[in-house]
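Notes for the one structure printed next.
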Amino acid sequence: MKKIKFPTAQTILLIIAGLVALLTWFVPSGKFDSLTYNKTENNFTRTGINKTEILPATQQTLDALHIKIPVEKFTNGDIWKPISIPNTYHKVTAKPQGLVAFLQAPIKGIIEAADIIFLVLFIGGLIGIMNYTGAFDAGISWLAQTLKGKEFLLIILVTLLIAIGGTTFGLAEETIAFYPILIPIFLAAKYDAMVALACIYIGSSIGSMCSTTNPFSAIIASDAAGINWTTGLTGRFIMLILGTLICIAYILRYAQKVKRAPSKSIIFSQKESVEALFGTTTNATIHLSTRLRLILFVFAMCFVVMIYGVSQLEWWFLEMTVVFFVGAIIIGILGKINEYTFVDVFVKGASELLGVAIIIGIARGVTVLMNDGQISDTMLYYASNATSGMNKGIFINAMLYIYAGLSFFIPSSSGMAVLTMPIMSPLADGVGVGREAIVNAYQYGMGLFAFISPTGLILASLAIVKVGYDKWLKFVMPLVIILTIFTMLMLTLSVYF
């Protein structure tokens, strides 16, 4: 019998989209009223199913709506998205998503995700230009010689630095740019592509899971819960250190096994195709000339500028895309690439990541189906009711799993925070735990599921290396189980001590 292959990322997402569309026929449609702060008018807009009203932007307004958040959190810009108003859930006319909606969802998703899709395509173009100059080959050859016998440092440094980016400013989508660059370096160090994937993706995931100063999760969630973002910071910092150490140890154990016996690699059957894909047959005699050093410097500075812009200047995908586009032009000039060749190489490089871009769009299409079917708020309503009257140890762990489940339907960390915190955080008062425990459960629940979530970034990341989702699950599930047990222990201790 012909061996059955695990479906592609695109097929997996389309299956999930179909199941979500089916779900909209059985889960009641419902909505919470929402409250939006209007900066220019300095007032609130309350939006309900049949009416919209303007309210004064005062603490009295928030108190009357049972929203326990200081008004300053809105007026100073900490909370800029609409929040859900507690005790306002009501069922609405069902909007089941049929065949036409299912077929339109991937296209709508691609249109909605155009910003990140163009970022991915321009990164592909930049990588194509870099490969054409030969700077990558020269740099990898030099690095392989420099790290000879100490390759494990590469794993520690990459995982640690990306985890720091995740915990401080939410480094996530931006990591897609790192795979084509770092995978050849890991392969030259005699590891497999799974090690490179793990260092980048797991580093980002554990950093985001244990966010400390990340404005898109820790800060906005704390604000929406009505507490200072520094409340609970010590616990999250301890989680970050211990969680990152667990992840690094796990990756190192697998990496050393692969280095000693390449046949032990989970993706050993793809060894030749991966090496061909990333051009790892580097020539050790390639001289790292001054011109190539300058090209590598410009390339590295693209990421430095991107990280600075995102963390300090409130840049987003438009500005990041411009940085990579300008970087490609400068490198083309330094590499003395003529105009016709530059355009041809750039377009070919972009086409290499077109499959990744489509995966991102289809994943966004799943969210489109849930929003159009109006079932996200219903999930939130039933989840909040499920925890009433629980022991606080059981309660906080139930919140962990509730947030993990909700993150399938609401993969955006900032979206999850403003939608759920006004509803979930008051539940902490009833069982005698601090509201920071809810913020932690939200972060850890979303973070744990992000390791495997098909509606997150993992399928797009795997598509870059042409690695199947089943291979990733085989690699990462033991780590997810270890981290889940560790997280439950830490959460339980936090509510009793």
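Going by the structure tokens order, chains are called A, B, ..., each with residues numbered from 1, while ligands are numbered from 1 in the order shown.
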Write out as an MDAnalysis selection string which residues come within 10 Å of A:Gly98 when counting only C-alpha atoms, dropping same-chain ones fewer than 6 positions away.
chainID A and resid 18 21:22 24:25 369 373
If we count only C-alpha atoms and set the cut-off at 7 Å, which residues sit around stretch 433-445 of chain A, ignoring sequence neighbours fewer than 4 positions away in its own chain? Please answer as an mmCIF file with C-alpha atoms, in the first residue's frame.
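Resulting contents of part36.cif:
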```
data_model
loop_
_atom_site.group_PDB
_atom_site.id
_atom_site.type_symbol
_atom_site.label_atom_id
_atom_site.label_comp_id
_atom_site.auth_asym_id
_atom_site.auth_seq_id
_atom_site.Cartn_x
_atom_site.Cartn_y
_atom_site.Cartn_z
ATOM 1 C CA MET A 209 4.762 33.240 27.067
ATOM 2 C CA CYS A 210 6.677 34.794 29.982
ATOM 3 C CA ALA A 221 -3.496 42.764 29.812
ATOM 4 C CA SER A 222 -2.532 44.261 33.180
ATOM 5 C CA ALA A 225 -7.350 43.976 34.368
ATOM 6 C CA THR A 231 2.268 43.568 39.701
ATOM 7 C CA GLY A 232 3.245 39.932 39.267
ATOM 8 C CA LYS A 392 -8.437 28.834 43.980
ATOM 9 C CA ILE A 396 -6.122 29.227 38.345
ATOM 10 C CA MET A 399 -7.966 29.523 33.694
ATOM 11 C CA LEU A 400 -4.690 28.284 32.186
ATOM 12 C CA TYR A 401 -6.518 25.712 30.051
ATOM 13 C CA TYR A 403 -6.925 30.610 27.828
ATOM 14 C CA ALA A 404 -5.080 27.882 25.927
ATOM 15 C CA SER A 425 -10.170 39.476 35.957
ATOM 16 C CA ALA A 428 -10.189 36.479 40.702
ATOM 17 C CA ASP A 429 -11.795 38.711 43.341
ATOM 18 C CA PHE A 449 -0.664 26.522 23.009
ATOM 19 C CA VAL A 495 -1.972 31.634 44.503
#
```
Just the number, please: distance in Å from atom CA of A:Asn76 to atom CA of A:Thr88, one decimal.
25.8 Å
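Summary of the local environment: counting only C-alpha atoms, residues at most 12 Å from A:Thr40, other than itself and those fewer than 2 positions away along its chain, are Tyr37, Asn38, Asn42, Asn43, Phe44, Ala57, Thr75 and Gly77 of chain A.
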Could you dump the residues just selected with N, CA and C atoms as a CSV table (one decimal), in the first residue's frame?
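For reference, selection_21.csv as written:
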```csv
chain,number,residue,atom,x,y,z
A,37,TYR,N,-12.4,54.1,23.6
A,37,TYR,CA,-12.0,55.5,23.9
A,37,TYR,C,-11.7,56.2,22.7
A,38,ASN,N,-12.3,57.4,22.5
A,38,ASN,CA,-12.0,58.3,21.4
A,38,ASN,C,-11.0,59.4,21.8
A,42,ASN,N,-12.1,62.8,23.4
A,42,ASN,CA,-12.0,62.6,24.8
A,42,ASN,C,-13.3,62.1,25.4
A,43,ASN,N,-13.9,61.0,24.8
A,43,ASN,CA,-15.1,60.4,25.3
A,43,ASN,C,-15.1,58.9,25.0
A,44,PHE,N,-16.0,58.2,25.6
A,44,PHE,CA,-16.2,56.8,25.3
A,44,PHE,C,-17.3,56.6,24.3
A,57,ALA,N,-15.7,60.4,29.2
A,57,ALA,CA,-14.5,59.6,29.6
A,57,ALA,C,-14.1,59.9,31.0
A,75,THR,N,-6.9,57.2,28.7
A,75,THR,CA,-6.5,58.5,28.2
A,75,THR,C,-5.0,58.6,27.9
A,77,GLY,N,-3.3,56.2,26.5
A,77,GLY,CA,-3.0,55.4,25.3
A,77,GLY,C,-2.7,53.9,25.6
```
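Among A:Met130, A:Ala114, A:Val465, A:Leu448, the residue with the shortest atom-to-atom distance to A:Ser205, counting only C-alpha atoms, is A:Leu448.
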Computed gap from atom CA of A:Leu161 to atom CA of A:Glu174 is 13.5 Å
Using 12 Å as the limit and counting only C-alpha atoms, can you tabulate each residue of stretch 214-254 of chain A that touches stretch 150-154 of chain A, with its shortest atom-to-atom distance in Å and the two atoms involved, as JSON lines?
```
{"residue": "A:Ile248", "atom": "CA", "partner": "A:Phe152", "partner_atom": "CA", "distance": 10.1}
{"residue": "A:Ala249", "atom": "CA", "partner": "A:Phe152", "partner_atom": "CA", "distance": 10.7}
{"residue": "A:Ile251", "atom": "CA", "partner": "A:Phe152", "partner_atom": "CA", "distance": 9.9}
{"residue": "A:Leu252", "atom": "CA", "partner": "A:Phe152", "partner_atom": "CA", "distance": 7.1}
{"residue": "A:Arg253", "atom": "CA", "partner": "A:Phe152", "partner_atom": "CA", "distance": 10.2}
{"residue": "A:Tyr254", "atom": "CA", "partner": "A:Phe152", "partner_atom": "CA", "distance": 11.3}
```
Show which residues sit within 12 Å of stretch 356-361 of chain A, as a PyMOL selection string. Count only C-alpha atoms, and ignore same-chain residues fewer than 5 positions away.
chain A and resi 8-14+17+104-124+173+176-177+179+350-351+366-368+454-466
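Residues in contact range of A:Ile330, defined as at most 12 Å between only C-alpha atoms, with sequence neighbours fewer than 3 positions away removed, read Leu126, Ile129, Met130, Leu294, Ile295, Leu296, Phe297, Val298, Phe299, Met301, Cys302, Val323, Phe324, Phe325, Val326, Gly327, Ile333, Leu334, Gly335, Lys336, Ile337 and Phe342 of chain A.
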Record the distance separating atom CA of A:Cys199 and atom CA of A:Ser407, expressed in Å with one decimal.
22.7 Å
Can you write out as JSON lines which residues of stretch 47-114 of chain A fall within 10 Å of stretch 411-416 of chain A, alongside each residue's closest atom pair and its distance in Å to one decimal, counting only C-alpha atoms and ordering rows by chain and ascending residue number?
```
{"residue": "A:Ile79", "atom": "CA", "partner": "A:Ser414", "partner_atom": "CA", "distance": 9.6}
{"residue": "A:Trp80", "atom": "CA", "partner": "A:Ser414", "partner_atom": "CA", "distance": 9.9}
{"residue": "A:Lys81", "atom": "CA", "partner": "A:Gly415", "partner_atom": "CA", "distance": 7.8}
{"residue": "A:Pro82", "atom": "CA", "partner": "A:Gly415", "partner_atom": "CA", "distance": 9.0}
{"residue": "A:Ile83", "atom": "CA", "partner": "A:Gly415", "partner_atom": "CA", "distance": 9.0}
```
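For the residues A:Ala193, A:Met306, A:Ile423, A:Ala383, ranking by smallest atom-to-atom distance to A:Asn87 using only C-alpha atoms places A:Ile423 first.
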Tell me which protein, DNA and RNA residues are within 8 Å of A:Leu160, counting only C-alpha atoms, leaving out same-chain ones fewer than 3 positions away, and put them as number ranges by chain.
A: 156-157, 163-164, 203, 244
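Close contacts of A:Thr492, defined as residues with an atom at most 9 Å away when counting only C-alpha atoms, with chain neighbours fewer than 2 positions off set aside, comprise Lys392, Gly393, Ile394, Ile396, Asn397, Thr487, Met488, Leu489, Met490, Ser494, Val495, Tyr496 and Phe497 of chain A.
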Okay, now the selection with C-alpha atoms, as a JSON list (two decimals), in the first residue's frame?
```
[["chain", "number", "residue", "atom", "x", "y", "z"],
["A", 392, "LYS", "CA", -8.44, 28.83, 43.98],
["A", 393, "GLY", "CA", -5.80, 26.22, 43.07],
["A", 394, "ILE", "CA", -8.20, 24.50, 40.69],
["A", 396, "ILE", "CA", -6.12, 29.23, 38.35],
["A", 397, "ASN", "CA", -5.23, 26.01, 36.51],
["A", 487, "THR", "CA", 3.57, 25.98, 34.62],
["A", 488, "MET", "CA", 0.73, 24.36, 36.59],
["A", 489, "LEU", "CA", 3.07, 23.95, 39.55],
["A", 490, "MET", "CA", 4.22, 27.58, 39.40],
["A", 494, "SER", "CA", 1.61, 31.63, 43.18],
["A", 495, "VAL", "CA", -1.97, 31.63, 44.50],
["A", 496, "TYR", "CA", -1.11, 29.98, 47.82],
["A", 497, "PHE", "CA", 2.15, 31.77, 48.70]]
```
